[in-house]
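What follows is the content of target.pdb, which has PDB, C-alpha atoms:
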ATOM      1  CA  ASP A   1       0.000   0.000   0.000
ATOM      2  CA  LYS A   2       0.962   3.662  -0.325
ATOM      3  CA  ARG A   3       1.892   4.165   3.363
ATOM      4  CA  ARG A   4       4.244   1.133   3.389
ATOM      5  CA  LEU A   5       5.885   2.350   0.154
ATOM      6  CA  GLN A   6       6.440   5.789   1.700
ATOM      7  CA  ASN A   7       7.993   4.232   4.807
ATOM      8  CA  ASN A   8      10.370   2.084   2.748
ATOM      9  CA  THR A   9      11.356   4.824   0.288
ATOM     10  CA  PHE A  10      11.950   7.800   2.583
ATOM     11  CA  GLY A  11       8.555   9.389   1.891
ATOM     12  CA  ALA A  12       8.284   8.712  -1.849
ATOM     13  CA  CYS A  13       4.810   7.495  -2.750
ATOM     14  CA  CYS A  14       5.538   6.309  -6.286
ATOM     15  CA  PHE A  15       8.290   5.731  -8.830
ATOM     16  CA  VAL A  16       8.138   9.317 -10.064
ATOM     17  CA  ASP A  17       8.674  10.655  -6.537
ATOM     18  CA  LEU A  18      11.454   8.137  -5.942
ATOM     19  CA  ILE A  19      13.596   9.261  -8.885
ATOM     20  CA  GLY A  20      12.382  12.864  -8.745
ATOM     21  CA  ARG A  21       9.430  14.605 -10.321
ATOM     22  CA  PRO A  22       9.823  16.465 -13.606
ATOM     23  CA  GLN A  23      10.834  20.047 -12.952
ATOM     24  CA  LYS A  24       9.985  23.297 -14.669
ATOM     25  CA  THR A  25      11.508  26.713 -14.096
ATOM     26  CA  VAL A  26       8.888  29.386 -13.429
ATOM     27  CA  ASN A  27      10.073  32.941 -12.683
ATOM     28  CA  ASP A  28      13.611  31.753 -11.844
ATOM     29  CA  THR A  29      12.226  29.171  -9.400
ATOM     30  CA  THR A  30      12.420  25.416 -10.026
ATOM     31  CA  VAL A  31       9.093  23.723  -9.362
ATOM     32  CA  ASP A  32       8.319  19.995  -9.153
ATOM     33  CA  MET A  33       5.491  19.178 -11.547
ATOM     34  CA  PRO A  34       2.631  16.845 -10.563
ATOM     35  CA  PHE A  35       1.104  14.180 -12.758
ATOM     36  CA  VAL A  36      -1.903  15.671 -14.478
ATOM     37  CA  PRO A  37      -5.106  13.726 -15.270
ATOM     38  CA  TYR A  38      -4.209  12.953 -18.892
ATOM     39  CA  GLN A  39      -0.875  11.457 -17.745
ATOM     40  CA  ARG A  40      -2.617   9.197 -15.230
ATOM     41  CA  LEU A  41      -4.987   8.073 -17.980
ATOM     42  CA  LEU A  42      -2.064   7.465 -20.360
ATOM     43  CA  TRP A  43      -0.283   5.340 -17.728
ATOM     44  CA  GLN A  44      -3.376   3.102 -17.569
ATOM     45  CA  ILE A  45      -3.737   2.972 -21.358
ATOM     46  CA  LEU A  46      -0.073   1.997 -21.810
ATOM     47  CA  GLY A  47      -0.688  -1.020 -19.591
ATOM     48  CA  ARG A  48      -3.774  -2.044 -21.507
ATOM     49  CA  TYR A  49      -3.064  -1.560 -25.218
ATOM     50  CA  LYS A  50      -0.201  -2.536 -27.505
ATOM     51  CA  HIS A  51      -0.478   0.213 -30.151
ATOM     52  CA  ILE A  52      -1.050   3.821 -29.152
ATOM     53  CA  TRP A  53      -0.957   6.893 -31.342
ATOM     54  CA  ILE A  54      -1.138  10.266 -29.628
ATOM     55  CA  LYS A  55      -1.817  13.414 -31.612
ATOM     56  CA  LYS A  56      -1.056  16.327 -29.315
ATOM     57  CA  ALA A  57       0.092  19.895 -28.982
ATOM     58  CA  ARG A  58       3.694  20.812 -28.160
ATOM     59  CA  GLY A  59       4.866  21.413 -24.613
ATOM     60  CA  LEU A  60       2.581  18.988 -22.771
ATOM     61  CA  GLY A  61       5.451  16.962 -21.302
ATOM     62  CA  LEU A  62       4.544  13.763 -23.108
ATOM     63  CA  SER A  63       8.108  12.954 -24.184
ATOM     64  CA  THR A  64       9.273  13.391 -20.585
ATOM     65  CA  PHE A  65       6.374  11.262 -19.362
ATOM     66  CA  MET A  66       7.378   8.489 -21.770
ATOM     67  CA  LEU A  67      10.975   8.637 -20.514
ATOM     68  CA  TYR A  68       9.682   8.074 -16.960
ATOM     69  CA  TYR A  69       7.555   5.185 -18.232
ATOM     70  CA  ILE A  70      10.519   3.601 -20.024
ATOM     71  CA  SER A  71      12.693   3.964 -16.906
ATOM     72  CA  TYR A  72      10.019   2.393 -14.731
ATOM     73  CA  LYS A  73       9.596  -0.585 -17.055
ATOM     74  CA  CYS A  74      13.381  -1.063 -17.333
ATOM     75  CA  LEU A  75      13.632  -1.263 -13.551
ATOM     76  CA  THR A  76      10.508  -3.282 -12.772
ATOM     77  CA  GLU A  77       9.310  -5.466 -15.639
ATOM     78  CA  TRP A  78      11.674  -5.747 -18.577
ATOM     79  CA  THR A  79      14.776  -7.902 -18.206
ATOM     80  CA  ALA A  80      18.413  -7.765 -19.218
ATOM     81  CA  GLY A  81      18.740  -8.237 -22.958
ATOM     82  CA  ASP A  82      15.461  -6.489 -23.775
ATOM     83  CA  HIS A  83      15.499  -3.442 -26.071
ATOM     84  CA  VAL A  84      13.643  -0.150 -26.326
ATOM     85  CA  VAL A  85      13.871   1.934 -29.481
ATOM     86  CA  ILE A  86      13.216   5.656 -29.681
ATOM     87  CA  VAL A  87      12.834   7.206 -33.124
ATOM     88  CA  THR A  88      12.756  10.979 -33.279
ATOM     89  CA  GLY A  89      13.465  13.898 -35.536
ATOM     90  CA  THR A  90      15.669  13.844 -38.550
ATOM     91  CA  ARG A  91      18.950  14.678 -36.828
ATOM     92  CA  ILE A  92      21.150  12.559 -34.581
ATOM     93  CA  GLU A  93      21.284  15.463 -32.093
ATOM     94  CA  THR A  94      17.550  15.164 -31.479
ATOM     95  CA  ALA A  95      17.864  11.453 -30.756
ATOM     96  CA  ALA A  96      20.854  12.051 -28.473
ATOM     97  CA  ASP A  97      18.907  14.755 -26.601
ATOM     98  CA  LEU A  98      16.163  12.313 -25.621
ATOM     99  CA  ILE A  99      18.737   9.821 -24.335
ATOM    100  CA  ARG A 100      20.469  12.633 -22.404
ATOM    101  CA  ARG A 101      17.112  13.511 -20.828
ATOM    102  CA  LEU A 102      16.514   9.854 -19.954
ATOM    103  CA  LYS A 103      19.862   9.686 -18.159
ATOM    104  CA  LEU A 104      19.171  12.993 -16.381
ATOM    105  CA  LEU A 105      16.124  11.486 -14.661
ATOM    106  CA  PHE A 106      18.522   9.729 -12.291
ATOM    107  CA  LYS A 107      20.885  12.644 -11.584
ATOM    108  CA  ARG A 108      19.020  14.208  -8.656
ATOM    109  CA  ASN A 109      18.297  11.148  -6.495
ATOM    110  CA  PHE A 110      20.671   8.518  -7.903
ATOM    111  CA  PRO A 111      23.926  10.335  -8.707
ATOM    112  CA  ALA A 112      26.051   7.157  -8.671
ATOM    113  CA  LEU A 113      23.817   5.554 -11.304
ATOM    114  CA  TYR A 114      23.785   8.780 -13.305
ATOM    115  CA  SER A 115      27.592   8.910 -13.303
ATOM    116  CA  GLN A 116      27.614   5.433 -14.872
ATOM    117  CA  LEU A 117      24.929   6.278 -17.424
ATOM    118  CA  ILE A 118      26.738   9.349 -18.748
ATOM    119  CA  LYS A 119      29.745   7.192 -19.635
ATOM    120  CA  GLN A 120      27.601   5.352 -22.193
ATOM    121  CA  LYS A 121      27.284   6.277 -25.855
ATOM    122  CA  GLU A 122      25.228   9.454 -26.448
ATOM    123  CA  THR A 123      22.423   7.592 -28.239
ATOM    124  CA  THR A 124      22.351   4.597 -25.877
ATOM    125  CA  CYS A 125      21.275   4.142 -22.271
ATOM    126  CA  VAL A 126      21.457   0.762 -20.531
ATOM    127  CA  ILE A 127      19.260   0.589 -17.435
ATOM    128  CA  ASN A 128      19.175  -2.665 -15.485
ATOM    129  CA  GLY A 129      20.478  -4.514 -18.540
ATOM    130  CA  VAL A 130      17.751  -3.113 -20.825
ATOM    131  CA  THR A 131      19.203  -1.228 -23.788
ATOM    132  CA  VAL A 132      17.428   1.966 -24.815
ATOM    133  CA  GLU A 133      18.625   3.312 -28.167
ATOM    134  CA  ALA A 134      17.549   6.422 -30.051
ATOM    135  CA  TYR A 135      17.719   6.895 -33.800
ATOM    136  CA  PRO A 136      16.913   9.761 -36.131
ATOM    137  CA  ALA A 137      13.980   8.931 -38.382
ATOM    138  CA  ALA A 138      16.164   8.550 -41.473
ATOM    139  CA  HIS A 139      18.298   5.802 -39.878
ATOM    140  CA  THR A 140      15.880   3.199 -38.598
ATOM    141  CA  ASP A 141      17.333   0.254 -40.524
ATOM    142  CA  SER A 142      19.105  -0.895 -37.323
ATOM    143  CA  ILE A 143      15.732  -1.626 -35.723
ATOM    144  CA  ARG A 144      15.203  -4.566 -38.064
ATOM    145  CA  GLY A 145      17.975  -6.620 -36.463
ATOM    146  CA  ARG A 146      16.772  -6.165 -32.897
ATOM    147  CA  ASP A 147      15.144  -8.969 -30.971
ATOM    148  CA  ARG A 148      13.230  -8.678 -27.700
ATOM    149  CA  VAL A 149      12.046  -5.151 -28.526
ATOM    150  CA  LYS A 150       9.609  -4.194 -25.781
ATOM    151  CA  LEU A 151       8.685  -0.723 -26.978
ATOM    152  CA  ILE A 152       9.215   1.554 -29.927
ATOM    153  CA  MET A 153       8.555   5.193 -29.136
ATOM    154  CA  VAL A 154       8.216   7.434 -32.181
ATOM    155  CA  ASP A 155       8.464  11.099 -31.221
ATOM    156  CA  GLU A 156       7.725  14.130 -33.440
ATOM    157  CA  ALA A 157       6.375  11.885 -36.205
ATOM    158  CA  ASP A 158       4.494  14.778 -37.827
ATOM    159  CA  TYR A 159       7.841  16.007 -39.107
ATOM    160  CA  PHE A 160       8.713  12.763 -40.908
ATOM    161  CA  GLY A 161       8.327  12.445 -44.648
ATOM    162  CA  PRO A 162       6.169   9.691 -46.178
ATOM    163  CA  ALA A 163       9.203   7.509 -46.934
ATOM    164  CA  GLU A 164      10.486   7.778 -43.340
ATOM    165  CA  SER A 165       7.047   6.981 -41.900
ATOM    166  CA  LYS A 166       6.722   3.913 -44.114
ATOM    167  CA  GLU A 167      10.235   2.730 -43.175
ATOM    168  CA  ILE A 168       9.522   3.104 -39.443
ATOM    169  CA  LEU A 169       6.331   1.039 -39.754
ATOM    170  CA  SER A 170       8.176  -1.609 -41.746
ATOM    171  CA  ALA A 171      11.084  -1.734 -39.273
ATOM    172  CA  SER A 172       8.659  -1.921 -36.335
ATOM    173  CA  ALA A 173       6.926  -4.877 -37.956
ATOM    174  CA  ALA A 174      10.278  -6.576 -38.592
ATOM    175  CA  ALA A 175      11.179  -6.114 -34.911
ATOM    176  CA  GLY A 176       7.927  -7.825 -33.961
ATOM    177  CA  VAL A 177       6.405  -4.815 -32.245
ATOM    178  CA  ILE A 178       3.476  -4.398 -34.656
TER     179      ILE A 178
END

As a first step, turn the structure in this file into structure tokens.
Amino acid sequence: DKRRLQNNTFGACCFVDLIGRPQKTVNDTTVDMPFVPYQRLLWQILGRYKHIWIKKARGLGLSTFMLYYISYKCLTEWTAGDHVVIVTGTRIETAADLIRRLKLLFKRNFPALYSQLIKQKETTCVINGVTVEAYPAAHTDSIRGRDRVKLIMVDEADYFGPAESKEILSASAAAGVI
């Protein structure tokens, strides 16, 4: 129950509190952000359905939410040797930025783990033996050779061309995710 979890985790009531809530700077003050209703609903939907497409506005924190979800699954459900693929943008820098943000989730409350994560390749993050790799949309051919792919997260897909979109769907099918 929630009270027992708080007692065993120094007051944290959930995974997000344990590793540290997402933060936003408002008027030069850093504020911890709560889960909002749509994020709670999304957490439930992710546990229930295999294929989810979310059409949304910018700045809602969905990419950050998904990074928390991936971290949680890497630490609680998925096992060493499993893979997660993130496809985003058309530049390698965009893919590397998402992996950097994934690693940063652990900096505040788990600095020793964070110091190990930052030694890894800029587009790769291995958490509990689960390999999370990010690719720009134009370079998804590496997905085809992956086995044990637990999740493919496609971010900023509206900016992909028709050929890139088709390739991502084909590679996802080859990886056994769709």

Could you name the residues that touch A:Ser165 at 12 Å or less, counting all atoms listed in the file, but leaving out those on the same chain fewer than 4 positions away, as a list in words?
Val87, Thr88, Gly89, Thr90, Pro136, Ala137, Ala138, His139, Thr140, Val154, Asp155, Glu156, Ala157, Asp158, Tyr159, Phe160, Gly161, Leu169, Ser170, Ala171 and Ser172 of chain A

Where does the PyMOL selection byres ((chain A and resi 63) around 10) land in this file, that is, which residues does it pick, as a list in words?
Arg58, Gly59, Leu60, Gly61, Leu62, Thr64, Phe65, Met66, Leu67, Tyr68, Tyr69, Leu98, Arg101, Leu102, Met153, Val154, Asp155 and Glu156 of chain A

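The space between atom CA of A:Ile52 and atom CA of A:Val149 spans 15.9 Å.
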
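As for atom CA of A:Lys24 and atom CA of A:Leu104, they are spaced 13.9 Å apart.
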
With the PyMOL selection byres ((chain A and resi 71-79) around 10) as the selection, what would be picked from this file? Answer as a PyMOL selection string, please.
chain A and resi 15-16+19+65-70+80-84+102-103+105-106+126-132+148-151

Residues from the last selection, C-alpha atoms, saved as a short mmCIF file (atom, residue, chain, number, x, y, z; two decimals), in the frame of the given file:
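The result, written out as part-v3.cif:
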data_model
loop_
_atom_site.label_atom_id
_atom_site.label_comp_id
_atom_site.auth_asym_id
_atom_site.auth_seq_id
_atom_site.Cartn_x
_atom_site.Cartn_y
_atom_site.Cartn_z
CA PHE A 15 8.29 5.73 -8.83
CA VAL A 16 8.14 9.32 -10.06
CA ILE A 19 13.60 9.26 -8.88
CA PHE A 65 6.37 11.26 -19.36
CA MET A 66 7.38 8.49 -21.77
CA LEU A 67 10.98 8.64 -20.51
CA TYR A 68 9.68 8.07 -16.96
CA TYR A 69 7.56 5.18 -18.23
CA ILE A 70 10.52 3.60 -20.02
CA ALA A 80 18.41 -7.76 -19.22
CA GLY A 81 18.74 -8.24 -22.96
CA ASP A 82 15.46 -6.49 -23.78
CA HIS A 83 15.50 -3.44 -26.07
CA VAL A 84 13.64 -0.15 -26.33
CA LEU A 102 16.51 9.85 -19.95
CA LYS A 103 19.86 9.69 -18.16
CA LEU A 105 16.12 11.49 -14.66
CA PHE A 106 18.52 9.73 -12.29
CA VAL A 126 21.46 0.76 -20.53
CA ILE A 127 19.26 0.59 -17.43
CA ASN A 128 19.18 -2.66 -15.48
CA GLY A 129 20.48 -4.51 -18.54
CA VAL A 130 17.75 -3.11 -20.82
CA THR A 131 19.20 -1.23 -23.79
CA VAL A 132 17.43 1.97 -24.82
CA ARG A 148 13.23 -8.68 -27.70
CA VAL A 149 12.05 -5.15 -28.53
CA LYS A 150 9.61 -4.19 -25.78
CA LEU A 151 8.68 -0.72 -26.98
#

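Counting only C-alpha atoms, the residue from A:Ile118, A:Ala96, A:Ala112, A:Ile152 that sits nearest to A:Ala173 is A:Ile152.
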
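Our summary of the geometry notes that atom CA of A:Glu133 is positioned 26.5 Å from atom CA of A:Met33.
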
Need the axis-aligned box for stretch 49-68 of chain A with 6 Å each side, so what are the centre and edges in Å to one decimal, as lines of an AutoDock Vina configuration file?
center_x = 4.0
center_y = 9.4
center_z = -24.3
size_x = 26.0
size_y = 35.9
size_z = 26.7

Filled-in N, CA, C and O atoms of stretch 67-86 of chain A, supplied as a tab-separated table (two decimals), in the frame of the given file:
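Final file, rebuild-v7.tsv:
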chain	number	residue	atom	x	y	z
A	67	LEU	N	9.66	8.99	-21.05
A	67	LEU	CA	10.98	8.64	-20.51
A	67	LEU	C	10.85	8.07	-19.10
A	67	LEU	O	11.54	7.11	-18.74
A	68	TYR	N	9.95	8.63	-18.29
A	68	TYR	CA	9.68	8.07	-16.96
A	68	TYR	C	9.10	6.66	-17.09
A	68	TYR	O	9.50	5.75	-16.36
A	69	TYR	N	8.18	6.49	-18.02
A	69	TYR	CA	7.56	5.18	-18.23
A	69	TYR	C	8.60	4.15	-18.64
A	69	TYR	O	8.63	3.03	-18.11
A	70	ILE	N	9.46	4.51	-19.57
A	70	ILE	CA	10.52	3.60	-20.02
A	70	ILE	C	11.44	3.24	-18.86
A	70	ILE	O	11.78	2.07	-18.65
A	71	SER	N	11.83	4.22	-18.07
A	71	SER	CA	12.69	3.96	-16.91
A	71	SER	C	12.03	3.00	-15.94
A	71	SER	O	12.66	2.06	-15.45
A	72	TYR	N	10.76	3.25	-15.66
A	72	TYR	CA	10.02	2.39	-14.73
A	72	TYR	C	9.99	0.95	-15.23
A	72	TYR	O	10.28	0.02	-14.47
A	73	LYS	N	9.67	0.76	-16.50
A	73	LYS	CA	9.60	-0.58	-17.06
A	73	LYS	C	10.97	-1.27	-17.07
A	73	LYS	O	11.07	-2.46	-16.81
A	74	CYS	N	12.02	-0.50	-17.35
A	74	CYS	CA	13.38	-1.06	-17.33
A	74	CYS	C	13.75	-1.57	-15.95
A	74	CYS	O	14.47	-2.56	-15.81
A	75	LEU	N	13.27	-0.90	-14.92
A	75	LEU	CA	13.63	-1.26	-13.55
A	75	LEU	C	12.69	-2.27	-12.91
A	75	LEU	O	13.04	-2.88	-11.90
A	76	THR	N	11.49	-2.44	-13.46
A	76	THR	CA	10.51	-3.28	-12.77
A	76	THR	C	10.03	-4.49	-13.56
A	76	THR	O	9.67	-5.50	-12.97
A	77	GLU	N	9.96	-4.40	-14.88
A	77	GLU	CA	9.31	-5.47	-15.64
A	77	GLU	C	10.21	-6.07	-16.72
A	77	GLU	O	10.27	-7.29	-16.86
A	78	TRP	N	10.84	-5.25	-17.50
A	78	TRP	CA	11.67	-5.75	-18.58
A	78	TRP	C	12.97	-6.30	-18.00
A	78	TRP	O	13.41	-5.90	-16.92
A	79	THR	N	13.60	-7.22	-18.74
A	79	THR	CA	14.78	-7.90	-18.21
A	79	THR	C	16.00	-7.64	-19.08
A	79	THR	O	15.90	-7.19	-20.22
A	80	ALA	N	17.15	-7.96	-18.51
A	80	ALA	CA	18.41	-7.76	-19.22
A	80	ALA	C	18.34	-8.45	-20.58
A	80	ALA	O	17.86	-9.58	-20.69
A	81	GLY	N	18.79	-7.73	-21.60
A	81	GLY	CA	18.74	-8.24	-22.96
A	81	GLY	C	17.56	-7.70	-23.76
A	81	GLY	O	17.53	-7.82	-24.98
A	82	ASP	N	16.58	-7.11	-23.07
A	82	ASP	CA	15.46	-6.49	-23.78
A	82	ASP	C	15.92	-5.17	-24.39
A	82	ASP	O	16.95	-4.61	-23.98
A	83	HIS	N	15.16	-4.68	-25.38
A	83	HIS	CA	15.50	-3.44	-26.07
A	83	HIS	C	14.31	-2.50	-26.12
A	83	HIS	O	13.16	-2.94	-26.22
A	84	VAL	N	14.62	-1.22	-26.09
A	84	VAL	CA	13.64	-0.15	-26.33
A	84	VAL	C	14.24	0.72	-27.41
A	84	VAL	O	15.43	1.04	-27.39
A	85	VAL	N	13.42	1.11	-28.37
A	85	VAL	CA	13.87	1.93	-29.48
A	85	VAL	C	13.10	3.25	-29.46
A	85	VAL	O	11.87	3.24	-29.33
A	86	ILE	N	13.82	4.33	-29.57
A	86	ILE	CA	13.22	5.66	-29.68
A	86	ILE	C	13.60	6.20	-31.05
A	86	ILE	O	14.78	6.25	-31.39
